[in-house]
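Below is one structure, written out as structure tokens; comments come after it.
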Amino acid sequence: MKYLPLCLIEDDEIMGESLQDRFQLEGFSVQWLRTLASGRAALARQRFGAVLSDIRLPDGDGGDLFLEVRQLSPNAPPFIFIT
């Protein structure tokens with residue numbers, strides 16, 4: 001079964017690398033982004049199965065991104081927040 005990739009938005013290098021490695025070991029494709037702006041751009045151009053987002057990012061709040069994405073598309077992927 002083919003899954004849509006996961007979108008990981010995490011600025012911490014250790015946490016991001018650890019999560020990316022774990023999901024890849026489980027067979028998922030992961031796009032790891034380190035800023036809110038890069039996450040916003042990726043969500044605008046690509047479909048994802050789910051978004052794992054840090055709440056506190058260097059350029060904004062992951063919760064605000066969730067609200068923004070939900071307003072633009074009722075079919076937005078599910079978000080899981082980490083901090």
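Naming scheme: A, B, ... for chains in displayed order of the structure tokens; residues 1 onward per chain; ligands 1 onward as shown.
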
Could you give me, as a PDB file with N, CA and C atoms, in the first residue's frame, the residues within 7 Å of Leu33 in chain A, counting only C-alpha atoms and dropping anything in the same chain fewer than 5 positions from it?
ATOM      1  N   LEU A   8       6.900  16.841   8.194  1.00  0.00           N
ATOM      2  CA  LEU A   8       7.451  17.080   9.523  1.00  0.00           C
ATOM      3  C   LEU A   8       8.000  18.497   9.565  1.00  0.00           C
ATOM      4  N   ILE A   9       7.440  19.331  10.438  1.00  0.00           N
ATOM      5  CA  ILE A   9       7.901  20.709  10.579  1.00  0.00           C
ATOM      6  C   ILE A   9       8.500  20.828  11.977  1.00  0.00           C
ATOM      7  N   GLU A  10       9.819  20.817  12.047  1.00  0.00           N
ATOM      8  CA  GLU A  10      10.546  20.785  13.322  1.00  0.00           C
ATOM      9  C   GLU A  10      11.893  21.464  13.152  1.00  0.00           C
ATOM     10  N   SER A  38       8.628  27.411   5.269  1.00  0.00           N
ATOM     11  CA  SER A  38       8.864  26.284   4.365  1.00  0.00           C
ATOM     12  C   SER A  38       7.738  25.260   4.460  1.00  0.00           C
ATOM     13  N   GLY A  39       7.168  25.090   5.652  1.00  0.00           N
ATOM     14  CA  GLY A  39       6.017  24.212   5.818  1.00  0.00           C
ATOM     15  C   GLY A  39       4.810  24.731   5.062  1.00  0.00           C
TER      16      GLY A  39
END

Residues at most 10 Å from Ile82 in chain A, counting only C-alpha atoms, excluding those fewer than 6 positions away in the same chain, as a ChimeraX atom specification? /A:9-10,15,52-56,62

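With distances restricted to only C-alpha atoms, A:Gln31 is the closest residue to Val51 in chain A from A:Gln24, A:Gln31, A:Asn75, A:Ser18.
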
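When CA of Glu26 in chain A is paired with CA of Leu43 in chain A, their separation reads 22.6 Å.
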
Counting only C-alpha atoms, which residue out of A:Arg70, A:Val30, A:Ala44, A:Thr83 sits closest to Glu17 in chain A? A:Val30

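Each of A:Gly16, A:Ile80, A:Asp21, A:Phe28 was checked against Lys2 in chain A using only C-alpha atoms; the smallest atom-to-atom distance is that of A:Phe28.
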